[in-house]
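One file, final_30.cif, carrying mmCIF, C-alpha atoms and all ligand atoms:
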data_model
#
loop_
_atom_site.label_atom_id
_atom_site.label_comp_id
_atom_site.auth_asym_id
_atom_site.auth_seq_id
_atom_site.Cartn_x
_atom_site.Cartn_y
_atom_site.Cartn_z
CA MET A 1 13.27 -8.95 5.83
CA ILE A 2 11.90 -5.76 4.31
CA GLN A 3 11.53 -5.29 0.57
CA ALA A 4 10.63 -1.99 -1.05
CA ILE A 5 8.70 -1.87 -4.31
CA VAL A 6 9.20 1.50 -5.88
CA GLY A 7 9.00 3.23 -9.25
CA ALA A 8 12.03 4.20 -11.36
CA ASN A 9 10.11 6.53 -13.65
CA TRP A 10 7.24 9.03 -13.39
CA GLY A 11 4.82 6.63 -11.69
CA ASP A 12 2.24 4.26 -13.21
CA GLU A 13 4.97 1.71 -13.83
CA GLY A 14 2.76 -1.13 -12.60
CA LYS A 15 3.93 -1.16 -8.96
CA GLY A 16 0.44 -2.21 -7.88
CA LYS A 17 0.56 -5.35 -9.96
CA ILE A 18 4.10 -6.27 -8.81
CA THR A 19 3.13 -5.63 -5.17
CA ASP A 20 0.01 -7.73 -5.63
CA VAL A 21 2.16 -10.58 -7.01
CA LEU A 22 4.73 -10.34 -4.19
CA ALA A 23 2.09 -9.78 -1.51
CA GLN A 24 0.96 -13.39 -1.94
CA ASP A 25 3.35 -14.38 0.80
CA ALA A 26 3.92 -11.10 2.61
CA ASP A 27 2.92 -10.62 6.23
CA TYR A 28 2.63 -6.83 5.94
CA VAL A 29 2.27 -4.40 3.04
CA VAL A 30 2.90 -0.78 3.95
CA ARG A 31 2.23 2.47 2.11
CA PHE A 32 4.89 4.89 3.33
CA GLN A 33 4.30 8.13 1.42
CA GLY A 34 1.81 10.04 -0.73
CA GLY A 35 -1.91 9.88 -0.34
CA GLY A 36 -4.97 9.18 -2.43
CA ASN A 37 -3.65 11.34 -5.28
CA ALA A 38 -2.38 8.51 -7.44
CA GLY A 39 -3.77 5.06 -7.92
CA HIS A 40 -2.73 1.53 -8.52
CA THR A 41 -4.79 -0.65 -10.77
CA ILE A 42 -5.01 -4.30 -9.82
CA LYS A 43 -6.67 -7.03 -11.78
CA ASN A 44 -7.34 -10.32 -10.02
CA GLU A 45 -9.98 -13.01 -9.63
CA TYR A 46 -12.31 -10.56 -7.85
CA GLY A 47 -12.28 -7.97 -10.61
CA LYS A 48 -10.41 -4.80 -11.52
CA PHE A 49 -9.75 -2.36 -8.67
CA ALA A 50 -8.35 1.14 -8.59
CA LEU A 51 -6.69 1.56 -5.21
CA HIS A 52 -5.79 5.06 -4.10
CA LEU A 53 -4.96 4.72 -0.43
CA LEU A 54 -5.09 1.04 0.45
CA PRO A 55 -1.90 -0.95 -0.07
CA SER A 56 -1.96 -3.53 -2.84
CA GLY A 57 -1.67 -6.34 -0.26
CA ILE A 58 -5.32 -5.79 0.62
CA PHE A 59 -6.39 -8.72 -1.56
CA ASN A 60 -4.50 -11.19 0.57
CA GLN A 61 -6.39 -12.19 3.69
CA LYS A 62 -3.25 -13.15 5.61
CA THR A 63 -1.55 -9.82 4.92
CA VAL A 64 -1.85 -6.83 7.23
CA SER A 65 -2.26 -3.64 5.21
CA ILE A 66 -0.75 -0.55 6.80
CA LEU A 67 -0.96 3.15 6.01
CA GLY A 68 2.30 4.37 7.50
CA ASN A 69 3.09 7.66 9.19
CA GLY A 70 4.38 9.08 5.89
CA VAL A 71 0.93 8.94 4.29
CA ALA A 72 -1.68 11.71 3.99
CA VAL A 73 -4.96 10.03 4.97
CA ASN A 74 -8.28 11.21 3.60
CA ALA A 75 -10.59 9.44 6.07
CA PRO A 76 -13.87 9.53 4.08
CA LYS A 77 -12.04 8.31 0.96
CA LEU A 78 -10.35 5.51 2.89
CA ILE A 79 -13.69 4.32 4.27
CA GLU A 80 -15.21 4.53 0.78
CA GLU A 81 -12.36 2.43 -0.62
CA ILE A 82 -12.72 -0.21 2.12
CA GLU A 83 -16.48 -0.34 1.51
CA SER A 84 -16.05 -0.70 -2.27
CA ILE A 85 -13.82 -3.72 -1.73
CA GLU A 86 -16.21 -5.23 0.77
CA ARG A 87 -19.15 -4.64 -1.60
CA ALA A 88 -17.28 -6.60 -4.28
CA GLY A 89 -17.10 -9.47 -1.80
CA VAL A 90 -13.31 -9.41 -1.46
CA PRO A 91 -12.16 -11.02 1.76
CA HIS A 92 -9.43 -8.71 3.02
CA GLY A 93 -6.89 -8.79 5.79
CA GLN A 94 -6.48 -6.44 8.71
CA ILE A 95 -6.13 -2.70 7.94
CA LEU A 96 -4.09 -0.41 10.19
CA VAL A 97 -3.50 3.34 10.04
CA SER A 98 -0.48 4.89 11.75
CA ASP A 99 -1.36 7.16 14.65
CA ARG A 100 1.24 9.56 13.21
CA ALA A 101 -0.10 9.73 9.65
CA MET A 102 -1.30 13.15 8.50
CA VAL A 103 -5.01 13.89 8.18
CA VAL A 104 -6.20 15.40 4.89
CA MET A 105 -8.78 18.09 5.73
CA SER A 106 -11.54 19.46 3.51
CA TYR A 107 -9.73 22.81 3.38
CA HIS A 108 -6.62 21.08 1.96
CA ILE A 109 -8.72 19.94 -0.97
CA LEU A 110 -10.26 23.42 -1.34
CA LEU A 111 -6.86 25.12 -1.21
CA ASP A 112 -5.48 22.67 -3.78
CA THR A 113 -8.42 23.42 -6.08
CA TYR A 114 -8.21 27.21 -5.60
CA GLU A 115 -4.48 27.20 -6.24
CA GLU A 116 -4.90 25.26 -9.48
CA GLU A 117 -7.61 27.78 -10.49
CA ARG A 118 -5.30 30.69 -9.65
CA LEU A 119 -2.42 29.21 -11.63
CA ALA A 120 -4.74 28.38 -14.53
CA GLY A 121 -2.53 27.52 -17.55
CA ARG A 122 0.61 27.48 -15.37
CA SER A 123 -0.78 24.78 -13.07
CA PHE A 124 1.23 21.75 -11.88
CA GLY A 125 -1.52 19.39 -12.87
CA SER A 126 -2.47 18.59 -9.29
CA THR A 127 -5.11 15.90 -8.78
CA LYS A 128 -6.74 18.36 -6.34
CA SER A 129 -6.79 15.77 -3.57
CA GLY A 130 -5.27 18.20 -1.08
CA ILE A 131 -1.96 16.38 -0.81
CA ALA A 132 0.38 19.36 -1.37
CA PRO A 133 -1.47 21.61 1.15
CA CYS A 134 -1.59 18.70 3.63
CA PHE A 135 2.15 17.99 3.44
CA SER A 136 2.91 21.74 3.45
CA ASP A 137 0.99 21.98 6.74
CA LYS A 138 2.88 18.94 8.07
CA PHE A 139 6.19 20.77 7.66
CA ALA A 140 4.72 24.11 8.80
CA LYS A 141 3.62 22.15 11.91
CA ILE A 142 -0.02 23.15 11.57
CA GLY A 143 -1.27 19.78 10.30
CA PHE A 144 -3.12 17.16 12.33
CA GLN A 145 -1.61 13.76 13.03
CA VAL A 146 -4.17 10.98 13.34
CA CYS A 147 -3.45 10.67 17.09
CA GLU A 148 -4.41 14.32 17.58
CA LEU A 149 -7.97 13.55 16.52
CA TYR A 150 -8.35 12.01 20.00
CA MET A 151 -6.95 14.97 21.95
CA ASP A 152 -8.86 16.70 24.74
CA GLU A 153 -11.39 19.20 23.49
CA GLU A 154 -9.80 22.48 24.58
CA PRO A 155 -6.27 21.98 23.21
CA LEU A 156 -7.74 20.62 19.97
CA ARG A 157 -10.04 23.64 19.63
CA GLU A 158 -7.01 25.88 20.23
CA ARG A 159 -5.19 24.16 17.36
CA VAL A 160 -8.24 24.60 15.14
CA ARG A 161 -8.43 28.32 16.01
CA ASN A 162 -4.83 28.81 14.96
CA VAL A 163 -5.27 26.91 11.70
CA CYS A 164 -8.43 28.86 10.83
CA THR A 165 -6.65 32.20 11.42
CA ILE A 166 -3.90 31.23 8.96
CA LYS A 167 -6.13 29.58 6.35
CA ASN A 168 -8.70 32.38 6.43
CA ALA A 169 -6.02 34.98 5.69
CA LEU A 170 -5.22 32.95 2.57
CA LEU A 171 -8.81 32.16 1.62
CA GLY A 172 -9.97 35.76 2.01
CA GLY A 173 -6.84 37.63 0.95
CA LEU A 174 -5.50 35.55 -1.91
CA TYR A 175 -8.36 33.46 -3.24
CA ASN A 176 -11.39 35.59 -2.34
CA LYS A 177 -13.32 32.51 -1.21
CA PRO A 178 -15.61 31.68 1.75
CA LEU A 179 -13.82 31.50 5.11
CA LEU A 180 -13.49 28.46 7.39
CA ASP A 181 -15.75 28.11 10.41
CA GLU A 182 -13.97 26.89 13.56
CA GLU A 183 -16.92 24.83 14.75
CA GLU A 184 -17.23 23.06 11.39
CA ILE A 185 -13.53 22.23 11.29
CA TYR A 186 -13.64 20.92 14.85
CA ASN A 187 -16.63 18.73 13.97
CA GLU A 188 -14.85 17.51 10.84
CA LEU A 189 -11.92 16.36 12.98
CA LYS A 190 -14.25 14.57 15.40
CA SER A 191 -16.03 12.80 12.53
CA TYR A 192 -12.67 11.59 11.17
CA ALA A 193 -11.76 10.39 14.67
CA GLU A 194 -14.76 8.06 14.59
CA MET A 195 -14.17 6.89 11.02
CA LEU A 196 -10.54 5.96 11.70
CA ARG A 197 -10.94 4.65 15.26
CA PRO A 198 -11.12 0.92 14.33
CA TYR A 199 -7.87 1.15 12.37
CA VAL A 200 -5.54 3.40 14.37
CA ALA A 201 -2.39 1.77 15.77
CA HIS A 202 1.22 2.50 16.71
CA THR A 203 2.28 0.87 13.46
CA SER A 204 6.03 1.48 13.74
CA VAL A 205 6.14 -0.61 16.94
CA ILE A 206 4.19 -3.37 15.20
CA LEU A 207 6.51 -3.28 12.17
CA ASN A 208 9.71 -3.20 14.23
CA GLN A 209 8.51 -6.19 16.19
CA ALA A 210 7.57 -7.96 12.95
CA ALA A 211 11.00 -7.20 11.47
CA ARG A 212 12.69 -8.66 14.57
CA GLU A 213 10.61 -11.81 14.21
CA GLY A 214 11.72 -12.18 10.59
CA LYS A 215 8.28 -11.48 9.14
CA ARG A 216 8.06 -10.47 5.49
CA ILE A 217 7.31 -6.78 5.06
CA LEU A 218 6.74 -5.01 1.74
CA LEU A 219 6.95 -1.24 1.43
CA GLU A 220 4.86 -0.05 -1.48
CA GLY A 221 5.83 3.21 -3.15
CA GLN A 222 3.56 5.58 -5.00
CA LEU A 223 4.76 7.44 -8.13
CA GLY A 224 8.44 7.13 -9.08
CA THR A 225 11.91 8.65 -8.72
CA LEU A 226 11.29 11.45 -11.20
CA LYS A 227 8.41 12.72 -9.04
CA ASP A 228 10.49 12.67 -5.85
CA THR A 229 10.43 16.04 -4.08
CA ASP A 230 14.23 16.26 -3.80
CA HIS A 231 15.58 14.22 -6.69
CA GLY A 232 12.80 14.50 -9.25
CA ILE A 233 11.91 17.14 -11.82
CA TYR A 234 11.30 19.86 -9.21
CA PRO A 235 8.91 21.71 -9.05
CA MET A 236 6.81 19.29 -11.13
CA VAL A 237 7.09 16.72 -8.36
CA THR A 238 4.92 15.22 -5.69
CA SER A 239 4.90 16.47 -2.10
CA SER A 240 6.51 13.49 -0.37
CA SER A 241 9.57 11.42 -1.13
CA THR A 242 9.03 8.52 -3.52
CA LEU A 243 12.37 6.87 -2.70
CA ALA A 244 12.89 3.51 -1.05
CA GLY A 245 15.17 5.19 1.49
CA TYR A 246 12.23 7.24 2.69
CA GLY A 247 10.44 3.96 3.37
CA ALA A 248 12.39 3.74 6.62
CA VAL A 249 11.03 7.14 7.69
CA GLY A 250 7.50 6.85 6.29
CA ALA A 251 6.92 3.37 7.73
CA GLY A 252 9.04 3.82 10.86
CA VAL A 253 11.32 0.83 10.27
CA PRO A 254 15.12 0.48 10.56
CA VAL A 255 16.81 1.59 7.36
CA THR A 256 19.25 -1.33 7.67
CA GLU A 257 16.35 -3.81 7.41
CA ILE A 258 15.46 -2.71 3.85
CA ARG A 259 17.58 -5.32 2.09
CA ASP A 260 15.89 -5.53 -1.27
CA VAL A 261 14.75 -2.64 -3.45
CA ILE A 262 12.66 -3.82 -6.38
CA CYS A 263 12.54 -1.00 -8.85
CA VAL A 264 9.57 -1.18 -11.20
CA VAL A 265 10.53 -0.01 -14.67
CA LYS A 266 8.15 0.50 -17.53
CA ALA A 267 9.12 -0.80 -21.00
CA TYR A 268 8.13 2.59 -22.45
CA SER A 269 7.57 5.98 -20.79
CA SER A 270 4.40 7.58 -19.47
CA ALA A 271 3.84 10.64 -17.33
CA VAL A 272 1.00 12.77 -16.08
CA GLY A 273 1.02 16.48 -15.43
CA ALA A 274 3.40 19.13 -16.68
CA GLY A 275 7.21 18.96 -16.85
CA ALA A 276 10.03 18.06 -19.19
CA PHE A 277 9.53 14.70 -20.89
CA VAL A 278 12.44 14.14 -23.25
CA THR A 279 11.20 11.06 -25.13
CA GLU A 280 7.57 12.14 -25.48
CA PHE A 281 5.68 10.99 -28.58
CA PHE A 282 3.27 13.34 -30.29
CA GLY A 283 0.51 12.97 -32.91
CA ASP A 284 -0.52 9.53 -34.16
CA ALA A 285 2.43 7.76 -32.50
CA ALA A 286 1.27 9.08 -29.12
CA VAL A 287 -2.38 8.21 -29.70
CA GLU A 288 -1.50 4.66 -30.74
CA LEU A 289 0.79 3.96 -27.76
CA ARG A 290 -1.65 5.65 -25.33
CA ASN A 291 -4.55 3.54 -26.54
CA ARG A 292 -2.58 0.31 -26.54
CA GLY A 293 -0.75 1.04 -23.27
CA GLY A 294 -1.28 -0.47 -19.83
CA ASP A 295 -4.53 -2.35 -19.47
CA GLY A 296 -7.06 -0.59 -21.68
CA GLY A 297 -5.05 2.55 -22.38
CA GLU A 298 -2.85 5.03 -20.54
CA TYR A 299 -5.42 7.07 -18.61
CA GLY A 300 -5.03 8.16 -14.98
CA ALA A 301 -6.44 5.76 -12.35
CA THR A 302 -7.62 8.69 -10.19
CA THR A 303 -8.53 11.36 -12.74
CA GLY A 304 -9.03 9.53 -16.05
CA ARG A 305 -6.64 12.09 -17.58
CA PRO A 306 -4.82 10.89 -20.72
CA ARG A 307 -1.19 10.20 -19.83
CA ARG A 308 1.68 11.55 -21.89
CA VAL A 309 3.57 8.66 -23.47
CA GLY A 310 6.91 8.12 -25.18
CA ALA A 311 9.91 5.90 -25.77
CA PHE A 312 11.89 4.10 -23.08
CA ASP A 313 14.34 6.60 -21.57
CA ALA A 314 17.48 4.82 -20.38
CA VAL A 315 19.02 8.07 -19.08
CA ALA A 316 16.04 8.81 -16.81
CA THR A 317 15.61 5.16 -15.81
CA ARG A 318 19.27 4.57 -14.93
CA TYR A 319 19.08 7.64 -12.71
CA GLY A 320 15.70 6.45 -11.39
CA CYS A 321 17.18 3.08 -10.38
CA MET A 322 20.31 4.68 -8.93
CA MET A 323 18.39 7.05 -6.66
CA GLN A 324 16.20 4.18 -5.48
CA GLY A 325 19.25 2.04 -4.74
CA ALA A 326 17.68 -0.69 -6.88
CA THR A 327 18.87 -4.22 -6.17
CA GLU A 328 16.66 -5.70 -8.90
CA VAL A 329 14.25 -4.54 -11.58
CA ALA A 330 10.76 -5.65 -12.56
CA LEU A 331 10.21 -4.64 -16.19
CA THR A 332 6.50 -4.15 -16.94
CA VAL A 333 4.10 -3.74 -19.88
CA VAL A 334 6.55 -5.29 -22.34
CA ASP A 335 3.59 -6.91 -24.15
CA VAL A 336 2.27 -3.48 -25.18
CA LEU A 337 5.19 -2.91 -27.57
CA GLY A 338 4.36 -5.95 -29.73
CA TYR A 339 2.84 -3.71 -32.44
CA MET A 340 5.97 -1.68 -33.22
CA ASP A 341 8.21 -2.41 -36.24
CA GLU A 342 11.15 -0.69 -34.60
CA ILE A 343 11.38 0.39 -30.97
CA PRO A 344 13.38 3.48 -30.04
CA ILE A 345 15.45 3.50 -26.84
CA CYS A 346 16.82 6.82 -25.65
CA VAL A 347 20.46 6.12 -24.71
CA GLY A 348 21.66 9.70 -24.22
CA TYR A 349 20.60 13.33 -24.01
CA GLU A 350 22.01 15.94 -26.30
CA ILE A 351 22.33 19.13 -24.30
CA ASP A 352 23.93 22.27 -25.75
CA GLY A 353 25.73 20.22 -28.42
CA ALA A 354 27.18 17.55 -26.08
CA VAL A 355 25.77 14.09 -25.40
CA THR A 356 25.39 12.98 -21.78
CA ARG A 357 24.18 9.80 -20.10
CA ASP A 358 23.58 11.56 -16.76
CA PHE A 359 20.12 12.83 -15.89
CA PRO A 360 20.47 16.59 -15.33
CA ASN A 361 18.65 19.07 -13.07
CA THR A 362 15.34 20.48 -14.27
CA PRO A 363 16.38 23.73 -16.01
CA VAL A 364 19.03 21.81 -17.99
CA LEU A 365 16.61 18.94 -18.66
CA GLU A 366 14.32 21.39 -20.47
CA ARG A 367 17.04 21.74 -23.14
CA ALA A 368 17.71 17.99 -23.56
CA LYS A 369 17.03 16.23 -26.84
CA PRO A 370 16.86 12.43 -27.06
CA VAL A 371 19.56 10.35 -28.73
CA TYR A 372 17.89 7.18 -29.93
CA GLU A 373 19.02 3.68 -30.79
CA MET A 374 16.49 1.64 -32.74
CA MET A 375 15.76 -1.95 -31.75
CA PRO A 376 13.90 -4.35 -34.07
CA GLY A 377 10.35 -5.09 -32.86
CA TRP A 378 8.97 -8.63 -32.33
CA LYS A 379 5.63 -7.98 -33.99
CA CYS A 380 3.54 -10.48 -32.06
CA ASP A 381 1.54 -10.92 -28.88
CA ILE A 382 3.73 -12.19 -26.03
CA ARG A 383 0.97 -12.46 -23.40
CA GLY A 384 0.66 -15.95 -22.02
CA ILE A 385 4.39 -16.73 -22.39
CA ARG A 386 5.76 -17.95 -19.04
CA SER A 387 9.51 -18.26 -19.59
CA PHE A 388 12.16 -15.83 -20.74
CA ASP A 389 13.61 -18.25 -23.27
CA ALA A 390 10.21 -18.63 -24.93
CA LEU A 391 10.03 -14.90 -25.70
CA PRO A 392 10.81 -13.93 -29.31
CA GLN A 393 14.53 -13.22 -29.78
CA GLU A 394 13.87 -9.52 -30.58
CA CYS A 395 11.96 -9.17 -27.32
CA GLN A 396 14.76 -10.85 -25.34
CA ASN A 397 17.21 -8.47 -27.02
CA TYR A 398 15.08 -5.43 -26.09
CA ILE A 399 14.96 -6.57 -22.45
CA ARG A 400 18.69 -7.33 -22.34
CA LYS A 401 19.48 -3.96 -23.92
CA ILE A 402 17.47 -2.19 -21.19
CA GLU A 403 19.24 -4.24 -18.53
CA GLN A 404 22.62 -3.30 -19.97
CA GLU A 405 21.69 0.40 -20.16
CA ILE A 406 20.37 0.67 -16.61
CA GLY A 407 22.99 -1.60 -15.06
CA VAL A 408 20.59 -3.44 -12.74
CA ARG A 409 19.52 -7.07 -13.05
CA ILE A 410 16.01 -7.58 -14.44
CA SER A 411 14.54 -10.32 -12.26
CA MET A 412 10.92 -10.13 -13.42
CA VAL A 413 9.24 -9.34 -16.71
CA SER A 414 5.54 -8.51 -16.69
CA ASN A 415 3.77 -9.35 -19.95
CA GLY A 416 0.15 -8.59 -19.14
CA PRO A 417 -1.98 -6.99 -16.42
CA ALA A 418 -3.02 -10.20 -14.65
CA ARG A 419 -1.25 -11.70 -11.65
CA GLU A 420 -0.13 -14.74 -13.69
CA ASP A 421 1.39 -12.59 -16.46
CA ILE A 422 4.85 -12.65 -14.93
CA ILE A 423 8.13 -14.18 -16.07
CA TYR A 424 10.87 -14.76 -13.49
CA VAL A 425 14.19 -14.28 -15.24
P1 LIG B 1 1.18 1.85 -10.53
O1 LIG B 1 0.64 3.12 -10.01
O2 LIG B 1 2.67 1.88 -10.67
O3 LIG B 1 0.71 0.66 -9.79
O4 LIG B 1 0.66 1.70 -12.02
P2 LIG B 1 -0.84 1.84 -12.58
O5 LIG B 1 -1.70 0.88 -11.91
O6 LIG B 1 -1.27 3.25 -12.63
O7 LIG B 1 -0.59 1.47 -14.11
C1 LIG B 1 -0.30 0.25 -14.50
C2 LIG B 1 -1.38 -0.20 -15.47
O8 LIG B 1 -0.83 -1.14 -16.30
C3 LIG B 1 -2.55 -0.88 -14.79
O9 LIG B 1 -3.72 -0.68 -15.54
C4 LIG B 1 -2.15 -2.35 -14.82
O10 LIG B 1 -3.25 -3.24 -14.82
C5 LIG B 1 -1.42 -2.41 -16.09
N1 LIG B 1 -0.32 -3.35 -16.14
C6 LIG B 1 0.60 -3.67 -15.17
N2 LIG B 1 1.50 -4.52 -15.66
C7 LIG B 1 1.18 -4.71 -16.95
C8 LIG B 1 1.74 -5.48 -18.02
O11 LIG B 1 2.78 -6.13 -17.87
N3 LIG B 1 1.13 -5.41 -19.23
C9 LIG B 1 0.01 -4.68 -19.46
N4 LIG B 1 -0.52 -4.66 -20.66
N5 LIG B 1 -0.55 -3.94 -18.49
C10 LIG B 1 0.02 -3.97 -17.27
#

Would you write the structure of this file as structure tokens?
Amino acid sequence: MIQAIVGANWGDEGKGKITDVLAQDADYVVRFQGGGNAGHTIKNEYGKFALHLLPSGIFNQKTVSILGNGVAVNAPKLIEEIESIERAGVPHGQILVSDRAMVVMSYHILLDTYEEERLAGRSFGSTKSGIAPCFSDKFAKIGFQVCELYMDEEPLRERVRNVCTIKNALLGGLYNKPLLDEEEIYNELKSYAEMLRPYVAHTSVILNQAAREGKRILLEGQLGTLKDTDHGIYPMVTSSSTLAGYGAVGAGVPVTEIRDVICVVKAYSSAVGAGAFVTEFFGDAAVELRNRGGDGGEYGATTGRPRRVGAFDAVATRYGCMMQGATEVALTVVDVLGYMDEIPICVGYEIDGAVTRDFPNTPVLERAKPVYEMMPGWKCDIRGIRSFDALPQECQNYIRKIEQEIGVRISMVSNGPAREDIIYV
């Protein structure tokens, strides 16, 4: 049985925590897209960890953690992450990297950085981890799959020569920056070959076999629907699909085996980077929610950048759940809203004088204004509560209202960052 844990919003919904909770009895946890450009924060008995590449199942010794073929792997960063966990004394399970995953090269990071510099104020807010250039090369068929790190010398050097010709035209012509040296790039590939060697495997065969044997497999998404390359707020999106459906491709498992799609929904909105954000708060309201949000404030796990925050957006979230094919919802960070007298929920968008409940394409979204309904706040701390019925009535009403708006059953409510802070509804 394969379950996907994916985000309905702009990312940072708390997928890491939900995966960590569900990974307790999972045999495999698989990252199927993205790279080290976003992070999950997990708090458990070993401490607080910001994971960028490793799946959130890493804290369970019995669970095999897999970086699937859909992932962009930065080898030095992966090794650093494994070492940081080992330094903290965390006993972890086996780690495998798909032989078909893409390799992030140093020039991807440089090109990402130079492009952000070139765009200056018009930038996309890239984390400069080289993910967009890496996935661009994947589709231009000039990237390197992990398995290619072990190719014979001459054909690999030939590939390097070709890549350097293309990249140097860009580096010299567009960015006016130092050119790549073929020997250095070849040596970089060989050093990554050694770093990754203990982990490389034909992971889709392993996962298909596991699925046939009825093992429990979790697919862990990064970011959320609204950052999906196709269905998100293009072009302010990420460079790989964030949808559960892509889990079949990015992990190499049968699409028909993905029976359960747990969509993680945040009780308010947060987003990083540029792009339309209809329910955004500004001024003091934004500062207060940002500082109270998540665990110790809404600041990026990878970059430390302050996140944009705002009210719960039922239009975006309903669409987010629909595109994920959500079968159930985990509603997170509900505890954070305990300070508000009244809590706005955006139930429609006013666009050119008409109100719609359908999430539009990006140019139209830029013109959308929120239509709010106000819900009474519960004005107390709900952390530590372990049953739905024990939540204050106003809080139950807020959760039920969200459920009604998005049309998907809320099966879990997260009321704190820790593993135990979870209410099964
Ligand atoms: P992810 O990328 O979707 O895994 O989300 P992040 O890890 O970037 O952001 C979630 C943040 O919220 C982390 O700091 C979590 O520890 C924290 N968090 C998760 N669930 C809850 C919750 O229910 N309440 C509070 N207060 N924090 C939470």

Distance limit 8 Å, reference ligand LIG 1 (chain B), atoms considered: only C-alpha atoms and all ligand atoms. Which residues make the cut? Give them as a PyMOL selection string.
chain A and resi 7+11-18+38-43+50+222-224+264+292-298+300-301+331-336+413-418+421-422

Selected residue of minimal separation from A:Val146 among A:Val315, A:Met412, A:Ile185, A:Ala101, counting all atoms listed in the file:
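For A:Val146, the nearest of the candidates is A:Ala101.
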
Which residue of A:Val90, A:Pro198, A:Ile206, A:Gly304 approaches A:Thr127 most closely, using all atoms listed in the file
A:Gly304

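For the set A:Cys147, A:Leu51, A:Leu226, A:Ala314, the residue with the smallest atom-to-atom gap to A:Ile345 is A:Ala314, counting only C-alpha atoms.
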
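Closest approach to A:Glu184 from the set A:Tyr107, A:Gly245, A:Phe135, A:Met236 is made by A:Tyr107, with distances taken over all atoms listed in the file.
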
Please measure the separation of atom CA of A:Gly325 and atom CA of A:Val253, giving the value in Å to one decimal.
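Between atom CA of A:Gly325 and atom CA of A:Val253 the gap works out to 17.0 Å.
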
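Atom pair atom CA of A:Val6 / atom CA of A:Ala276: separated by 21.3 Å.
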
So, with all atoms listed in the file as the atoms that count, which of A:Glu81, A:Gly89, A:Asn69, A:Thr317 lies closest to A:Gln404?
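Of all the options, A:Thr317 lies closest to A:Gln404.
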
Residues of stretch 300-346 of chain A that have any atom at most 8 Å from an atom of stretch 370-393 of chain A: could you tabulate them with the shortest-distance atom pair and the distance in Å to one decimal, using all atoms listed in the file, ordered by chain and increasing number, as JSON lines?
{"residue": "A:Asp335", "atom": "CA", "partner": "A:Ile382", "partner_atom": "CA", "distance": 5.6}
{"residue": "A:Leu337", "atom": "CA", "partner": "A:Gly377", "partner_atom": "CA", "distance": 7.7}
{"residue": "A:Gly338", "atom": "CA", "partner": "A:Lys379", "partner_atom": "CA", "distance": 4.9}
{"residue": "A:Tyr339", "atom": "CA", "partner": "A:Lys379", "partner_atom": "CA", "distance": 5.3}
{"residue": "A:Met340", "atom": "CA", "partner": "A:Gly377", "partner_atom": "CA", "distance": 5.6}
{"residue": "A:Asp341", "atom": "CA", "partner": "A:Gly377", "partner_atom": "CA", "distance": 4.8}
{"residue": "A:Glu342", "atom": "CA", "partner": "A:Pro376", "partner_atom": "CA", "distance": 4.6}
{"residue": "A:Ile343", "atom": "CA", "partner": "A:Met375", "partner_atom": "CA", "distance": 5.0}
{"residue": "A:Pro344", "atom": "CA", "partner": "A:Met374", "partner_atom": "CA", "distance": 4.5}
{"residue": "A:Ile345", "atom": "CA", "partner": "A:Glu373", "partner_atom": "CA", "distance": 5.3}
{"residue": "A:Cys346", "atom": "CA", "partner": "A:Tyr372", "partner_atom": "CA", "distance": 4.4}

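Taking atom CA of A:Leu219 as the reference point, atom CA of A:His108 is found at 26.1 Å.
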
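Counting only C-alpha atoms, the residue from A:Thr113, A:Ser65, A:Thr327, A:Thr242 that sits nearest to A:Thr19 is A:Ser65.
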
I'd like the neighbourhood of A:His202 as a ChimeraX atom specification, where a residue qualifies if any of its atoms comes within 10 Å (using all atoms listed in the file), though same-chain residues fewer than 3 positions away should be ignored.
/A:68-69,96-100,147,205-207,252
